[in-house]
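Asker: Sending over upload-v2.cif (mmCIF, C-alpha atoms and all ligand atoms).
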data_run
#
loop_
_atom_site.label_atom_id
_atom_site.label_comp_id
_atom_site.auth_asym_id
_atom_site.auth_seq_id
_atom_site.Cartn_x
_atom_site.Cartn_y
_atom_site.Cartn_z
CA MET B 1 72.27 -2.90 8.83
CA LYS B 2 70.18 -6.03 8.86
CA ILE B 3 66.58 -5.56 9.91
CA THR B 4 65.62 -7.80 12.85
CA ALA B 5 62.54 -9.99 12.98
CA ARG B 6 61.15 -7.77 15.73
CA ASP B 7 61.55 -4.70 13.51
CA LYS B 8 59.83 -6.49 10.66
CA LEU B 9 56.87 -7.30 12.87
CA LEU B 10 56.68 -3.69 14.05
CA LYS B 11 56.88 -2.36 10.49
CA ALA B 12 54.25 -4.83 9.36
CA LYS B 13 51.88 -3.66 12.10
CA VAL B 14 52.52 -0.03 11.22
CA GLY B 15 51.97 -0.85 7.55
CA ILE B 16 48.61 -2.41 8.39
CA MET B 17 47.68 0.57 10.55
CA ILE B 18 48.46 3.05 7.81
CA ASN B 19 47.28 1.23 4.73
CA ARG B 20 44.69 -1.31 5.86
CA PRO B 21 42.24 0.30 8.25
CA PHE B 22 39.85 -2.65 8.15
CA TYR B 23 42.52 -5.06 9.38
CA SER B 24 44.14 -2.62 11.73
CA SER B 25 40.89 -2.13 13.61
CA LEU B 26 40.59 -5.91 14.02
CA LEU B 27 44.21 -6.46 14.95
CA LEU B 28 43.87 -4.10 17.91
CA ASN B 29 41.58 -6.66 19.55
CA LEU B 30 44.20 -9.37 19.65
CA LYS B 31 47.00 -9.84 22.12
CA MET B 32 50.28 -10.63 20.39
CA ILE B 33 52.26 -13.17 22.33
CA GLU B 34 55.58 -14.84 21.58
CA ASN B 35 56.10 -18.56 21.44
CA LYS B 36 59.08 -20.79 20.72
CA SER B 37 57.33 -23.33 18.54
CA GLY B 38 58.54 -21.92 15.24
CA SER B 39 55.01 -21.17 14.09
CA VAL B 40 52.33 -18.51 14.02
CA TRP B 41 48.75 -19.25 15.01
CA THR B 42 45.57 -17.74 16.40
CA ASP B 43 42.59 -18.94 18.41
CA GLY B 44 40.56 -15.75 18.17
CA THR B 45 41.94 -14.35 21.42
CA VAL B 46 45.66 -14.04 20.60
CA ILE B 47 48.07 -14.16 17.74
CA SER B 48 50.94 -16.30 18.93
CA TYR B 49 54.17 -16.10 16.97
CA ASP B 50 57.73 -17.30 17.04
CA LEU B 51 59.90 -14.32 16.08
CA SER B 52 62.39 -16.63 14.41
CA PHE B 53 59.75 -17.49 11.83
CA PHE B 54 59.89 -13.92 10.56
CA ASP B 55 63.67 -14.13 9.97
CA ALA B 56 63.18 -15.46 6.48
CA CYS B 57 60.22 -13.18 5.68
CA SER B 58 60.06 -9.76 4.11
CA VAL B 59 58.05 -7.06 5.90
CA GLU B 60 55.28 -7.50 3.30
CA GLU B 61 55.19 -11.20 4.01
CA VAL B 62 54.87 -10.59 7.75
CA GLU B 63 51.95 -8.29 6.95
CA GLY B 64 50.53 -11.11 4.85
CA VAL B 65 50.85 -13.56 7.74
CA LEU B 66 49.03 -11.24 10.14
CA VAL B 67 46.25 -10.62 7.64
CA HIS B 68 46.05 -14.37 7.02
CA GLU B 69 45.54 -14.96 10.76
CA LEU B 70 42.85 -12.30 10.85
CA HIS B 71 41.07 -14.08 8.01
CA HIS B 72 40.96 -17.27 10.04
CA ILE B 73 39.08 -15.32 12.68
CA ILE B 74 36.73 -13.29 10.51
CA LEU B 75 35.74 -16.47 8.69
CA PHE B 76 35.22 -18.04 12.13
CA HIS B 77 37.57 -20.92 11.38
CA HIS B 78 38.43 -21.12 15.09
CA LEU B 79 34.77 -21.88 15.79
CA ARG B 80 33.96 -24.23 12.92
CA GLU B 81 36.45 -27.08 13.20
CA GLY B 82 33.92 -29.34 14.91
CA GLY B 83 34.97 -32.97 14.96
CA ARG B 84 37.22 -32.65 11.90
CA ASP B 85 40.84 -33.64 11.80
CA HIS B 86 42.78 -30.66 13.10
CA LYS B 87 45.62 -30.77 10.59
CA ASN B 88 43.36 -31.23 7.59
CA TRP B 89 41.08 -28.49 8.84
CA ASN B 90 44.10 -26.18 8.92
CA ILE B 91 44.98 -27.13 5.36
CA ALA B 92 41.42 -26.60 4.13
CA THR B 93 41.05 -23.25 5.86
CA ASP B 94 44.36 -22.09 4.42
CA TYR B 95 43.27 -22.92 0.89
CA ALA B 96 40.05 -21.03 1.55
CA ILE B 97 41.93 -17.94 2.71
CA ASN B 98 45.02 -17.76 0.55
CA THR B 99 43.45 -17.76 -2.89
CA GLU B 100 41.53 -14.67 -1.92
CA LEU B 101 44.56 -12.97 -0.38
CA VAL B 102 46.77 -13.68 -3.37
CA ASP B 103 44.02 -12.40 -5.66
CA ALA B 104 43.98 -9.24 -3.57
CA GLY B 105 47.72 -8.81 -4.11
CA MET B 106 48.93 -9.80 -0.65
CA ARG B 107 52.43 -11.24 -0.30
CA LEU B 108 52.64 -14.52 1.60
CA PRO B 109 55.69 -16.49 2.74
CA GLU B 110 57.06 -19.50 0.95
CA GLY B 111 55.19 -22.76 1.37
CA VAL B 112 51.81 -21.06 1.13
CA LEU B 113 48.91 -23.32 0.19
CA VAL B 114 47.19 -21.82 -2.84
CA ASP B 115 45.21 -23.63 -5.48
CA ALA B 116 42.85 -22.02 -7.95
CA VAL B 117 40.70 -25.13 -7.90
CA TYR B 118 39.42 -24.03 -4.47
CA ARG B 119 38.52 -20.50 -5.48
CA GLY B 120 35.18 -19.46 -4.02
CA MET B 121 34.85 -22.56 -1.84
CA SER B 122 34.33 -22.53 1.93
CA ALA B 123 36.75 -24.35 4.22
CA GLU B 124 34.07 -26.99 4.84
CA GLN B 125 33.64 -27.62 1.13
CA ILE B 126 37.39 -27.84 0.60
CA TYR B 127 37.78 -30.20 3.52
CA GLN B 128 35.06 -32.46 2.17
CA LYS B 129 36.46 -32.40 -1.36
CA ARG B 130 39.94 -33.34 -0.17
CA GLU B 131 38.57 -36.06 2.07
CA LYS B 132 36.62 -37.53 -0.81
CA GLU B 133 39.69 -37.47 -3.05
CA GLU B 134 41.75 -39.12 -0.37
CA LYS B 135 39.21 -41.93 -0.08
CA GLN B 136 39.15 -42.40 -3.84
CA ASN B 137 42.95 -42.46 -4.03
CA LYS B 138 43.09 -45.01 -1.26
CA GLY B 139 40.48 -47.09 -3.07
CA LYS B 140 42.64 -47.17 -6.17
CA GLY B 141 45.71 -48.14 -4.17
CA GLU B 142 43.95 -51.08 -2.59
CA GLY B 143 42.89 -52.69 -5.83
CA GLU B 144 39.88 -52.98 -8.06
CA GLY B 145 37.42 -54.48 -5.59
CA GLN B 146 37.28 -51.29 -3.51
CA GLU B 147 36.44 -48.84 -6.25
CA GLU B 148 32.72 -49.18 -6.60
CA GLY B 149 31.97 -48.16 -3.02
CA GLU B 150 29.76 -45.24 -2.09
CA GLY B 151 27.48 -44.19 -4.92
CA GLU B 152 27.31 -40.55 -3.98
CA THR B 153 31.01 -39.94 -3.80
CA ASP B 154 31.74 -41.57 -7.11
CA ASN B 155 29.78 -39.42 -9.50
CA SER B 156 30.40 -35.72 -9.46
CA ASN B 157 34.05 -35.10 -8.85
CA GLN B 158 35.64 -38.06 -10.51
CA SER B 159 37.30 -36.25 -13.37
CA GLN B 160 38.52 -33.42 -11.17
CA SER B 161 39.89 -35.74 -8.58
CA GLN B 162 41.89 -37.59 -11.14
CA SER B 163 43.57 -34.44 -12.34
CA GLN B 164 44.06 -33.24 -8.78
CA SER B 165 46.16 -35.76 -7.00
CA GLN B 166 46.76 -33.94 -3.71
CA SER B 167 46.07 -36.11 -0.76
CA GLN B 168 45.09 -35.61 2.82
CA SER B 169 48.53 -36.79 3.82
CA GLN B 170 49.92 -33.43 2.75
CA ALA B 171 51.88 -31.71 5.52
CA ALA B 172 50.22 -28.86 7.37
CA PRO B 173 51.64 -25.44 6.55
CA ALA B 174 54.46 -24.33 8.80
CA TRP B 175 52.79 -21.03 9.57
CA GLY B 176 49.41 -19.42 9.81
CA GLY B 177 47.68 -21.98 11.98
CA VAL B 178 44.25 -21.81 13.51
CA GLU B 179 43.40 -23.35 16.87
CA PRO B 180 39.90 -23.85 18.24
CA ALA B 181 38.66 -21.01 20.45
CA PRO B 182 39.13 -21.58 24.18
CA ARG B 183 36.51 -24.02 25.52
CA GLY B 184 33.30 -22.39 26.66
CA GLU B 185 34.07 -19.12 24.93
CA GLU B 186 32.71 -20.09 21.52
CA GLU B 187 29.45 -18.23 21.69
CA LYS B 188 31.04 -15.12 23.11
CA GLN B 189 33.74 -15.24 20.45
CA GLU B 190 31.18 -15.39 17.69
CA GLN B 191 29.29 -12.45 19.09
CA VAL B 192 32.24 -10.18 19.78
CA TRP B 193 33.88 -10.84 16.43
CA LYS B 194 30.68 -10.10 14.56
CA GLU B 195 30.54 -6.77 16.35
CA ARG B 196 34.21 -6.12 15.68
CA ILE B 197 33.83 -6.87 11.99
CA VAL B 198 30.94 -4.45 11.68
CA THR B 199 32.94 -1.82 13.55
CA ALA B 200 35.99 -2.47 11.39
CA VAL B 201 33.97 -1.97 8.22
CA MET B 202 32.62 1.29 9.60
CA VAL B 203 36.12 2.48 10.52
CA ALA B 204 37.37 1.50 7.09
CA GLN B 205 34.45 3.20 5.38
CA GLY B 206 35.36 6.39 7.16
CA ARG B 207 38.79 6.15 5.61
CA GLY B 208 37.55 5.02 2.23
CA HIS B 209 39.26 1.60 2.29
CA VAL B 210 36.77 -1.24 2.62
CA PRO B 211 37.91 -4.46 0.97
CA GLY B 212 35.07 -5.79 -1.18
CA PHE B 213 34.90 -9.08 0.64
CA ALA B 214 34.60 -7.30 4.00
CA ALA B 215 31.39 -5.61 2.95
CA ARG B 216 30.08 -8.97 1.72
CA LEU B 217 31.16 -10.55 4.97
CA VAL B 218 29.08 -8.13 6.97
CA GLU B 219 26.10 -8.71 4.74
CA GLY B 220 26.49 -12.46 4.99
CA ILE B 221 27.26 -13.09 8.63
CA VAL B 222 25.59 -10.31 10.53
CA SER B 223 21.86 -10.25 10.09
CA PRO B 224 20.82 -6.79 9.14
CA LYS B 225 19.33 -4.71 11.89
CA VAL B 226 15.80 -4.51 10.58
CA ASP B 227 12.88 -4.23 12.95
CA TRP B 228 10.84 -7.41 13.09
CA TRP B 229 7.62 -5.67 12.18
CA VAL B 230 9.23 -4.20 9.05
CA ARG B 231 10.17 -7.73 8.05
CA LEU B 232 6.70 -9.00 8.87
CA ARG B 233 4.95 -6.37 6.80
CA ASP B 234 7.39 -6.72 3.98
CA PHE B 235 6.79 -10.45 4.03
CA VAL B 236 3.02 -10.10 3.85
CA ASP B 237 3.35 -7.47 1.15
CA ARG B 238 5.59 -9.71 -0.92
CA ALA B 239 3.24 -12.64 -0.45
CA ALA B 240 0.36 -10.52 -1.65
CA CYS B 241 2.32 -9.61 -4.76
CA GLY B 242 3.35 -13.22 -5.32
CA LYS B 243 6.97 -12.23 -4.93
CA ASN B 244 7.89 -14.42 -2.01
CA ASP B 245 10.79 -16.52 -3.06
CA TYR B 246 11.28 -17.34 0.53
CA ASP B 247 14.16 -19.76 0.16
CA ALA B 248 16.17 -17.09 -1.57
CA MET B 249 15.15 -14.64 1.11
CA ARG B 250 16.46 -16.90 3.78
CA SER B 251 19.95 -17.01 2.36
CA ASN B 252 20.07 -13.42 1.28
CA PRO B 253 17.65 -11.27 3.20
CA ARG B 254 17.05 -8.07 1.35
CA TYR B 255 14.18 -5.98 2.48
CA THR B 256 12.75 -3.53 0.08
CA HIS B 257 11.25 -0.43 1.55
CA THR B 258 9.70 0.81 -1.60
CA GLY B 259 6.22 0.86 -0.13
CA PHE B 260 3.39 -1.57 -0.53
CA CYS B 261 2.51 -2.77 -3.98
CA LEU B 262 -1.16 -2.67 -3.08
CA PRO B 263 -3.77 -2.03 -4.14
CA ALA B 264 -2.55 -1.42 -7.67
CA LEU B 265 -1.70 -5.07 -8.34
CA PHE B 266 -4.27 -6.68 -6.16
CA SER B 267 -7.95 -5.96 -6.28
CA GLY B 268 -9.33 -8.45 -3.74
CA SER B 269 -8.37 -8.62 -0.09
CA ILE B 270 -5.24 -10.47 0.99
CA ARG B 271 -6.11 -13.61 2.86
CA VAL B 272 -3.64 -13.97 5.69
CA THR B 273 -3.79 -16.78 8.20
CA ALA B 274 -2.27 -16.19 11.62
CA ALA B 275 -1.81 -19.32 13.72
CA ILE B 276 -1.01 -19.11 17.40
CA ASP B 277 0.76 -21.91 19.21
CA THR B 278 -1.13 -22.14 22.49
CA SER B 279 0.91 -24.94 24.05
CA GLY B 280 2.62 -24.27 27.37
CA SER B 281 3.15 -20.70 28.42
CA ILE B 282 2.69 -17.93 25.90
CA ASP B 283 4.91 -14.88 25.98
CA ALA B 284 2.05 -12.41 26.55
CA GLN B 285 4.08 -9.33 25.75
CA ALA B 286 5.27 -10.72 22.41
CA LEU B 287 1.78 -11.93 21.62
CA GLY B 288 0.45 -8.42 22.30
CA LYS B 289 2.98 -6.97 19.86
CA PHE B 290 2.00 -9.54 17.25
CA GLU B 291 -1.66 -8.66 17.77
CA SER B 292 -1.11 -4.95 17.24
CA GLU B 293 1.01 -5.61 14.18
CA LEU B 294 -1.73 -7.75 12.67
CA GLN B 295 -4.12 -4.91 13.38
CA GLU B 296 -1.82 -2.61 11.46
CA ILE B 297 -1.77 -5.00 8.52
CA LEU B 298 -5.55 -5.29 8.67
CA ASP B 299 -5.99 -1.51 8.68
CA THR B 300 -3.49 -0.64 5.99
CA MET B 301 -3.42 -3.53 3.57
CA ASN B 302 -6.96 -4.46 2.71
CA ALA B 303 -6.38 -7.79 4.40
CA GLU B 304 -8.64 -10.49 5.72
CA ILE B 305 -6.99 -12.18 8.65
CA THR B 306 -8.01 -15.59 9.97
CA VAL B 307 -6.72 -16.34 13.45
CA LEU B 308 -6.31 -20.00 14.44
CA TYR B 309 -5.33 -21.51 17.78
CA CYS B 310 -3.47 -24.76 17.97
CA ASP B 311 -1.46 -26.72 20.52
CA SER B 312 -1.36 -30.43 19.63
CA GLN B 313 -4.78 -29.94 18.03
CA LEU B 314 -6.66 -27.22 16.27
CA TYR B 315 -9.58 -25.40 17.92
CA PRO B 316 -11.76 -24.58 14.91
CA GLU B 317 -14.64 -23.34 17.03
CA HIS B 318 -12.39 -20.58 18.35
CA SER B 319 -10.95 -19.46 15.03
CA ARG B 320 -12.11 -16.13 13.78
CA VAL B 321 -11.92 -14.06 10.61
CA PHE B 322 -11.16 -10.35 10.91
CA VAL B 323 -11.86 -7.91 8.11
CA SER B 324 -11.23 -4.23 7.58
CA GLY B 325 -12.83 -2.18 10.36
CA ASP B 326 -12.60 -4.99 12.94
CA THR B 327 -10.54 -4.86 16.09
CA ILE B 328 -8.30 -7.88 16.44
CA GLU B 329 -8.40 -9.49 19.82
CA PHE B 330 -6.77 -12.82 20.51
CA THR B 331 -8.61 -15.34 22.66
CA PRO B 332 -6.05 -18.15 23.02
CA VAL B 333 -7.22 -21.62 24.00
CA GLY B 334 -5.23 -24.78 24.57
CA GLY B 335 -2.21 -25.62 26.69
CA GLY B 336 -1.24 -29.13 25.59
CA GLY B 337 1.71 -30.34 23.49
CA THR B 338 2.87 -28.75 20.26
CA ASP B 339 2.09 -29.95 16.77
CA PHE B 340 2.11 -27.62 13.78
CA ARG B 341 0.59 -30.13 11.37
CA PRO B 342 -3.12 -29.61 12.17
CA VAL B 343 -2.81 -25.99 11.03
CA PHE B 344 -1.16 -26.93 7.75
CA ASP B 345 -3.59 -29.77 7.18
CA SER B 346 -6.55 -27.45 7.70
CA LEU B 347 -5.18 -25.07 5.06
CA GLU B 348 -4.65 -27.74 2.40
CA GLU B 349 -8.09 -27.29 0.85
CA ASP B 350 -8.23 -23.52 0.91
CA LYS B 351 -4.76 -22.04 0.83
CA PRO B 352 -4.05 -18.62 2.28
CA VAL B 353 -1.83 -16.03 0.59
CA THR B 354 0.49 -16.44 3.52
CA LEU B 355 0.66 -18.05 6.95
CA LEU B 356 2.15 -16.31 9.97
CA TYR B 357 2.79 -18.75 12.80
CA PHE B 358 3.38 -17.40 16.31
CA THR B 359 5.41 -20.06 18.15
CA ASP B 360 8.67 -20.84 19.91
CA LEU B 361 9.27 -23.48 17.20
CA TYR B 362 9.41 -26.39 19.65
CA GLY B 363 7.00 -28.75 17.98
CA ARG B 364 6.29 -31.18 15.20
CA PHE B 365 6.55 -29.82 11.66
CA PRO B 366 4.71 -31.20 8.62
CA GLU B 367 6.69 -33.50 6.33
CA TYR B 368 6.00 -31.33 3.30
CA LYS B 369 6.69 -27.71 2.44
CA PRO B 370 3.45 -25.87 1.74
CA GLU B 371 2.88 -23.94 -1.49
CA TYR B 372 2.25 -20.65 0.29
CA PRO B 373 4.95 -18.66 2.10
CA VAL B 374 5.25 -19.16 5.85
CA MET B 375 6.72 -16.82 8.41
CA TRP B 376 7.45 -18.12 11.87
CA VAL B 377 7.04 -15.33 14.37
CA VAL B 378 9.16 -16.27 17.36
CA PRO B 379 9.20 -14.47 20.72
CA GLY B 380 12.59 -13.49 22.17
CA ASN B 381 16.02 -14.20 20.76
CA SER B 382 15.62 -17.92 20.15
CA ARG B 383 17.95 -19.23 17.47
CA GLU B 384 15.74 -22.17 16.61
CA CYS B 385 15.41 -23.01 12.94
CA ALA B 386 12.43 -24.14 10.90
CA PRO B 387 12.64 -26.63 8.01
CA PHE B 388 10.99 -24.12 5.69
CA GLY B 389 9.79 -20.55 5.68
CA GLU B 390 11.34 -17.49 7.28
CA VAL B 391 11.90 -16.95 10.98
CA VAL B 392 11.51 -13.54 12.57
CA ASN B 393 12.13 -12.81 16.23
CA ILE B 394 9.87 -10.43 18.10
CA ASP B 395 12.18 -8.56 20.43
ZN ZN I 401 46.31 -20.52 8.22
#
Let me see the file written as structure tokens.
Answerer:
Amino acid sequence: MKITARDKLLKAKVGIMINRPFYSSLLLNLKMIENKSGSVWTDGTVISYDLSFFDACSVEEVEGVLVHELHHIILFHHLREGGRDHKNWNIATDYAINTELVDAGMRLPEGVLVDAVYRGMSAEQIYQKREKEEKQNKGKGEGEGQEEGEGETDNSNQSQSQSQSQSQSQAAPAWGGVEPAPRGEEEKQEQVWKERIVTAVMVAQGRGHVPGFAARLVEGIVSPKVDWWVRLRDFVDRAACGKNDYDAMRSNPRYTHTGFCLPALFSGSIRVTAAIDTSGSIDAQALGKFESELQEILDTMNAEITVLYCDSQLYPEHSRVFVSGDTIEFTPVGGGGTDFRPVFDSLEEDKPVTLLYFTDLYGRFPEYKPEYPVMWVVPGNSRECAPFGEVVNID
């Protein structure tokens, strides 16, 4: 008896449930709806499929298609298209997914886009690479005069692009599409899928089946739940030990809890500068928490803490140095606009071991990156970024 497409889909789902707990946990969050378009796609809320597409697939290939769709979501492809060309974004995201799936032994239907040249690249990188190659190919087609063009694009990938002659005019794959998330739901989608991924990894851990990439995914996309004050102390401790490679820490936060390295490696006191942005309204509760944390650092780390106040200008007459045995008490002054530069300028001559800057990050940053590590201590859940240093939110 011939197995129907509907049976294949059912068997594929059961197969995922039994053998792939990570994916099965994720799949449960998606509505499966039928369409008549001949394709399969997802937008992060549903997986839409045309049963007839599964006619030519084996059960393993249907499993592969479902897992492929889940990968679009867990890599947030439905949220990252931006202003890119929809078809070419689909092609790029498929290359990003399929190499990994094939490496993991998944079976995928005919017509799958796989190319080892894209191994390890993000969809954005693939998209850009293909776009660049397309431009170069066009340039060649239109004669010699066009070729010199943009300096940047000419250098690095020339040899590769000549051996790789795929062009952006390639047809989109017939299956496994990704559509942008429904309008207005983007932020919610990001949040809920992060939570679902973490849950899925936990479920899979319980059953001893966590795909390697899934663990990496969690590490990479979900910031670890570490209390802000642990991060703050760890940061100061690292600065004191000269171990603050803070750019690396930004991309791969890893917080050691091996205890302070002091005083074994450091005989003098650690000179910490704490700057407080006094423009506009200050979140008093967060400032209070920052104050007591500085006190903790003062008491336990043989530190010397200089507190500065700055809005659009510095108030040197109000700055104060606290040493071991002192009680830290902030006396904020100011209330004007926000400029971070006066603080950095004032520290140029006599650099601290580290600077902790209490601010909402709405202000003017210096043009240069200072030589000492900087931590921006930000009240609330603001997602503002700083051009350098680490950001920690006081919750
Ligand atoms: Zn796809």
Asker: Which is closest to ligand ZN 401 (chain I) among B:Thr354, B:Ser39, B:Asn19, B:Gln295, if we use only C-alpha atoms and all ligand atoms?
Answerer: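 Checking each of B:Thr354, B:Ser39, B:Asn19, B:Gln295 against ligand ZN 401 (chain I), counting only C-alpha atoms and all ligand atoms, the winner is B:Ser39.
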Asker: Excluding region 95-99 of chain B and any residue of its chain fewer than 5 positions from it, enumerate the residues within 6 Å of it, using all atoms listed in the file, and give them as a PyMOL selection string.
Answerer: chain B and resi 113-114+122-123
Asker: Rounded to one decimal in Å, what is the spacing between CA of Phe388 (chain B) and CA of Leu355 (chain B)?
Answerer: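 It comes out at 12.0 Å.
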Asker: I'd like the neighbourhood of Ile16 (chain B) as an mmCIF file with C-alpha atoms, in the frame of the given file, where a residue qualifies if any of its atoms comes within 12 Å (using only C-alpha atoms), though same-chain residues fewer than 2 positions away should be ignored.
Answerer:
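This is the output file part_20.cif:
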data_model
loop_
_atom_site.group_PDB
_atom_site.id
_atom_site.type_symbol
_atom_site.label_atom_id
_atom_site.label_comp_id
_atom_site.auth_asym_id
_atom_site.auth_seq_id
_atom_site.Cartn_x
_atom_site.Cartn_y
_atom_site.Cartn_z
ATOM 1 C CA LEU B 9 56.870 -7.300 12.870
ATOM 2 C CA LEU B 10 56.680 -3.690 14.050
ATOM 3 C CA LYS B 11 56.880 -2.360 10.490
ATOM 4 C CA ALA B 12 54.250 -4.830 9.360
ATOM 5 C CA LYS B 13 51.880 -3.660 12.100
ATOM 6 C CA VAL B 14 52.520 -0.030 11.220
ATOM 7 C CA ILE B 18 48.460 3.050 7.810
ATOM 8 C CA ASN B 19 47.280 1.230 4.730
ATOM 9 C CA ARG B 20 44.690 -1.310 5.860
ATOM 10 C CA PRO B 21 42.240 0.300 8.250
ATOM 11 C CA PHE B 22 39.850 -2.650 8.150
ATOM 12 C CA TYR B 23 42.520 -5.060 9.380
ATOM 13 C CA SER B 24 44.140 -2.620 11.730
ATOM 14 C CA SER B 25 40.890 -2.130 13.610
ATOM 15 C CA LEU B 26 40.590 -5.910 14.020
ATOM 16 C CA LEU B 27 44.210 -6.460 14.950
ATOM 17 C CA LEU B 28 43.870 -4.100 17.910
ATOM 18 C CA VAL B 59 58.050 -7.060 5.900
ATOM 19 C CA GLU B 60 55.280 -7.500 3.300
ATOM 20 C CA GLU B 61 55.190 -11.200 4.010
ATOM 21 C CA VAL B 62 54.870 -10.590 7.750
ATOM 22 C CA GLU B 63 51.950 -8.290 6.950
ATOM 23 C CA GLY B 64 50.530 -11.110 4.850
ATOM 24 C CA VAL B 65 50.850 -13.560 7.740
ATOM 25 C CA LEU B 66 49.030 -11.240 10.140
ATOM 26 C CA VAL B 67 46.250 -10.620 7.640
ATOM 27 C CA LEU B 70 42.850 -12.300 10.850
ATOM 28 C CA MET B 106 48.930 -9.800 -0.650
ATOM 29 C CA ALA B 204 37.370 1.500 7.090
ATOM 30 C CA HIS B 209 39.260 1.600 2.290
#
Asker: Any residue with an atom at most 7 Å from ligand ZN 401 (chain I) counts, using only C-alpha atoms and all ligand atoms. Which are they? Put them as number ranges by chain.
Answerer: B: 68-69, 72, 90, 93-94, 175-178
Asker: Save region 296-343 of chain B from what I just supplied, as a short mmCIF file (atom, residue, chain, number, x, y, z; two decimals), in the first residue's frame, atoms limited to C-alpha atoms.
Answerer:
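Result went into result_4.cif, see below:
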data_model
loop_
_atom_site.label_atom_id
_atom_site.label_comp_id
_atom_site.auth_asym_id
_atom_site.auth_seq_id
_atom_site.Cartn_x
_atom_site.Cartn_y
_atom_site.Cartn_z
CA GLU B 296 31.12 46.51 48.63
CA ILE B 297 34.00 46.86 46.19
CA LEU B 298 35.62 49.45 48.46
CA ASP B 299 35.32 47.19 51.50
CA THR B 300 36.45 43.95 49.93
CA MET B 301 38.93 44.85 47.23
CA ASN B 302 41.41 47.30 48.64
CA ALA B 303 40.09 49.87 46.22
CA GLU B 304 40.30 53.62 45.99
CA ILE B 305 37.18 54.95 44.35
CA THR B 306 36.93 58.41 42.81
CA VAL B 307 33.36 59.56 42.20
CA LEU B 308 32.78 62.17 39.49
CA TYR B 309 29.58 63.96 38.50
CA CYS B 310 29.00 65.08 34.96
CA ASP B 311 26.10 66.21 32.80
CA SER B 312 27.32 68.26 29.83
CA GLN B 313 30.21 69.38 32.04
CA LEU B 314 32.26 67.99 34.85
CA TYR B 315 31.89 69.24 38.43
CA PRO B 316 35.43 68.79 39.77
CA GLU B 317 34.70 70.61 43.00
CA HIS B 318 32.16 67.92 43.87
CA SER B 319 34.28 64.91 43.01
CA ARG B 320 35.48 62.87 45.92
CA VAL B 321 37.92 60.05 46.59
CA PHE B 322 36.84 57.23 48.88
CA VAL B 323 39.30 54.86 50.49
CA SER B 324 39.01 51.78 52.65
CA GLY B 325 37.02 52.54 55.80
CA ASP B 326 35.00 55.36 54.18
CA THR B 327 31.27 55.30 53.65
CA ILE B 328 30.34 56.10 50.08
CA GLU B 329 27.61 58.64 49.72
CA PHE B 330 26.70 60.15 46.39
CA THR B 331 25.96 63.87 46.21
CA PRO B 332 24.85 64.33 42.59
CA VAL B 333 24.97 67.77 41.02
CA GLY B 334 23.98 68.90 37.56
CA GLY B 335 20.85 68.48 35.47
CA GLY B 336 21.84 69.78 32.04
CA GLY B 337 22.51 67.91 28.78
CA THR B 338 24.64 64.80 28.47
CA ASP B 339 28.22 64.63 27.33
CA PHE B 340 30.55 61.82 28.35
CA ARG B 341 33.69 63.45 26.95
CA PRO B 342 34.60 65.71 29.91
CA VAL B 343 34.99 62.62 32.09
#
